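Q: Submitted below is the structure of interest, expressed as structure tokens.
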Amino acid sequence: MDSIDREILNIIQSDFPISPEPYAEVGARVGISGEDTLKKVRVLLADGIIRKVGPFFDAAKMGHKSTLCSVQVPDEKVQLVADIISGYPEITHNYLREGRPNLWFTVIAPTEERIAEILSEISEKGGVAPIYNLPAKRMFKVKVDLKIMGS
Amino acid sequence: MEFDTKNIALIKALQKDVYLEAEPFQKIADSLGLPLSEVIEKVKELKGLGVIRRFGAALTPAKAGFKTNAMIVWDLEGKEEDKIGEIMASHPRVSHCYIRPPFEGFTYSLYTMTHSNSDEELQDIIKELSEKSGLTRYRILRTVKELKKTSPVYFG
């Protein structure tokens with residue numbers, strides 16, 4: 001990653017131009033052509049530094065319910081339960097973490113009933129319980145852009 | 001918020017993989033049979049309403065130089081959550097800050113997600129957060145393995 005890559009990343013994380021030629025605009029800001037900007041972004045995506053470019057919707061404003069869940073899963077069952085969980089498009093994040101409970105995942109679905117249904121299916125198919133459903137009571141920050149430092 | 005069929009069609013189209021091209025919004029306009037100007041105006045409107053909370057690139061923290069990513073859970077110790085939440089959220093390396101219900105044997109209810117370049121830096125961040133908030137009971141839930149990370153699909 002060079003200094004222009006870093007500049008591009010800092011711009012397009014939160015200020016992707018909603019305009020006919022977004023990359024031409026970003027390029028003009030960092031002093032290269034739109035074509036070269038797009039090429040650089042494609043490389044950053046191919047390298048996995050960028051995960052996705054596009055819109056991030058507010059689940060609540062989209063009329064959806066979201067929650068974080070946790071469950072203790074014995075080591076020998078982690079892969080089995082992870083595979084069950086990954087099968088649900090409503091489950092977007094799933095992490096194995098230190099401590100107890102060790103499995104933490106997020107669910108986004110149109111209704112709380114659907115979330116409850118998914119949790120009881122996981123519990124049944126994976127043979128794990130209890131699954132703690134921990135919807136946010138308060139949200140103080142949801143920020144996904146990370147300021148990239150460096151020369 | 002209720003969405004009419006036109007908005008639903010637009011939201012579906014916006015979730016397509018078109019943003020690594022020179023004229024992404026033109027592609028969306030073409031797929032919907034709408035003029036480019038209307039698509040741009042609508043996207044700006046959805047952003048203004050907060051339905052789109054952010055438009056742009058999401059990074060993979062570990063590959064963008066943030067090697068130590070940890071969820072830290074804090075016991076509020078009976079302190080006022082509003083003030084503590086604001087303090088935690090104002091730290092630049094805290095990306096997410098939520099209050100969630102405590103549960104069986106788990107008294108921690110303030111959740112912060114932090115991104116740092118090293119374990120040493122993570123310890124510095126925790127020290128700072130602890131000093132500023134006055135909270136001393138916490139647990140670091142380091143990521144052992146990322147098993148799934150995707151974006152939700154709406155009206156899929």
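Following the order of the structure tokens, chains are lettered A, B, ..., residues in each are numbered from 1, and ligands are numbered from 1.
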Using only C-alpha atoms, select each residue of chain B with any atom at most 8 Å away from an atom of chain A, and give the selection as an mmCIF file with C-alpha atoms, in the first residue's frame.
A:
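Result went into out24.cif, see below:
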data_model
loop_
_atom_site.group_PDB
_atom_site.id
_atom_site.type_symbol
_atom_site.label_atom_id
_atom_site.label_comp_id
_atom_site.auth_asym_id
_atom_site.auth_seq_id
_atom_site.Cartn_x
_atom_site.Cartn_y
_atom_site.Cartn_z
ATOM 1 C CA MET B 1 -40.166 3.120 7.477
ATOM 2 C CA GLU B 2 -42.366 1.746 4.702
ATOM 3 C CA LEU B 14 -28.028 -0.914 -5.038
ATOM 4 C CA GLN B 15 -26.920 -4.154 -3.359
ATOM 5 C CA TYR B 19 -19.104 -0.432 -7.625
ATOM 6 C CA LEU B 20 -15.793 -1.492 -9.137
ATOM 7 C CA GLU B 21 -16.674 0.152 -12.411
ATOM 8 C CA ALA B 22 -16.194 3.667 -13.695
ATOM 9 C CA GLU B 23 -19.911 4.506 -13.829
ATOM 10 C CA PRO B 24 -21.659 2.388 -11.196
ATOM 11 C CA PHE B 25 -24.793 4.508 -10.862
ATOM 12 C CA GLN B 26 -25.313 4.488 -14.630
ATOM 13 C CA LEU B 36 -29.103 8.513 -13.953
ATOM 14 C CA ILE B 40 -28.263 9.721 -7.835
ATOM 15 C CA VAL B 43 -29.351 7.509 -3.219
ATOM 16 C CA LYS B 44 -28.562 10.913 -1.743
ATOM 17 C CA GLY B 50 -29.987 7.603 7.352
ATOM 18 C CA VAL B 51 -31.501 4.548 5.635
ATOM 19 C CA ILE B 52 -28.055 4.243 4.067
ATOM 20 C CA ARG B 53 -25.885 4.937 7.096
ATOM 21 C CA ARG B 54 -22.677 4.912 5.080
ATOM 22 C CA PHE B 55 -21.772 4.562 1.432
ATOM 23 C CA GLY B 56 -18.322 3.402 0.455
ATOM 24 C CA ALA B 57 -15.567 0.928 1.149
ATOM 25 C CA ALA B 58 -15.408 -1.414 4.138
ATOM 26 C CA LEU B 59 -11.957 -2.691 5.010
ATOM 27 C CA THR B 60 -10.731 -5.948 6.448
ATOM 28 C CA PRO B 61 -9.199 -4.539 9.651
ATOM 29 C CA LYS B 63 -5.315 -6.570 6.405
ATOM 30 C CA ALA B 64 -5.476 -2.787 6.680
ATOM 31 C CA GLY B 65 -2.849 -2.718 9.426
ATOM 32 C CA GLY B 85 -21.157 5.250 26.858
ATOM 33 C CA GLU B 86 -20.327 8.702 25.501
ATOM 34 C CA ALA B 89 -17.608 6.067 22.080
ATOM 35 C CA SER B 95 -15.577 1.498 16.334
ATOM 36 C CA HIS B 96 -18.693 0.141 18.041
ATOM 37 C CA CYS B 97 -20.110 0.887 21.478
ATOM 38 C CA TYR B 98 -23.370 -0.675 22.713
ATOM 39 C CA ILE B 99 -25.176 -1.458 25.955
ATOM 40 C CA ARG B 100 -26.655 -4.963 26.044
ATOM 41 C CA PRO B 101 -28.457 -6.889 28.762
ATOM 42 C CA PHE B 103 -26.995 -12.579 31.396
ATOM 43 C CA ILE B 140 -10.972 -8.833 26.616
ATOM 44 C CA LEU B 141 -12.682 -11.171 24.167
ATOM 45 C CA ARG B 142 -10.005 -11.518 21.517
ATOM 46 C CA THR B 143 -11.013 -12.966 18.186
ATOM 47 C CA VAL B 144 -9.806 -16.564 17.967
ATOM 48 C CA LYS B 145 -11.337 -17.141 14.542
ATOM 49 C CA GLU B 146 -13.551 -15.197 12.162
ATOM 50 C CA LEU B 147 -16.075 -17.815 11.044
ATOM 51 C CA LYS B 148 -18.339 -15.571 8.991
ATOM 52 C CA LYS B 149 -18.407 -11.949 7.962
ATOM 53 C CA THR B 150 -20.754 -10.701 5.278
ATOM 54 C CA SER B 151 -23.264 -7.940 4.709
ATOM 55 C CA PRO B 152 -26.986 -8.497 5.188
ATOM 56 C CA VAL B 153 -29.158 -8.765 2.091
#
Q: Would you please give, as a list in words, all residues of segment 18-59 of chain B that DSSP assigns to helix (DSSP H, G or I) based on the backbone?
A: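 Restricting segment 18-59 of chain B to helix (DSSP H, G or I) produces Pro24, Phe25, Gln26, Lys27, Ile28, Ala29, Asp30, Ser31, Leu32, Leu36, Ser37, Glu38, Val39, Ile40, Glu41, Lys42, Val43, Lys44, Glu45, Leu46, Lys47 and Gly48 of chain B.
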Q: Interatomic distance between atom CA of Gly134 of chain B and atom CA of Tyr108 of chain B?
A: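 About the pair atom CA of Gly134 of chain B and atom CA of Tyr108 of chain B: they are 14.6 Å apart.
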Q: Just to confirm, what's the straight-line distance from atom CA of Ala46 of chain A to atom CA of Lys27 of chain B in Å (one decimal)?
A: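 Distance reported for this atom pair: 21.6 Å.
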Q: Can you check which residues of segment 4-153 of chain B DSSP gives as strand (DSSP E) on the backbone and send them as a count of residues only?
A: 40
Q: Of the candidates B:Pro92, B:Asp82, B:Thr68, B:Ser109, which shows the shortest atom-to-atom distance to Glu121 of chain B, using only C-alpha atoms?
A: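 Among the listed residues, B:Thr68 lies closest to Glu121 of chain B.
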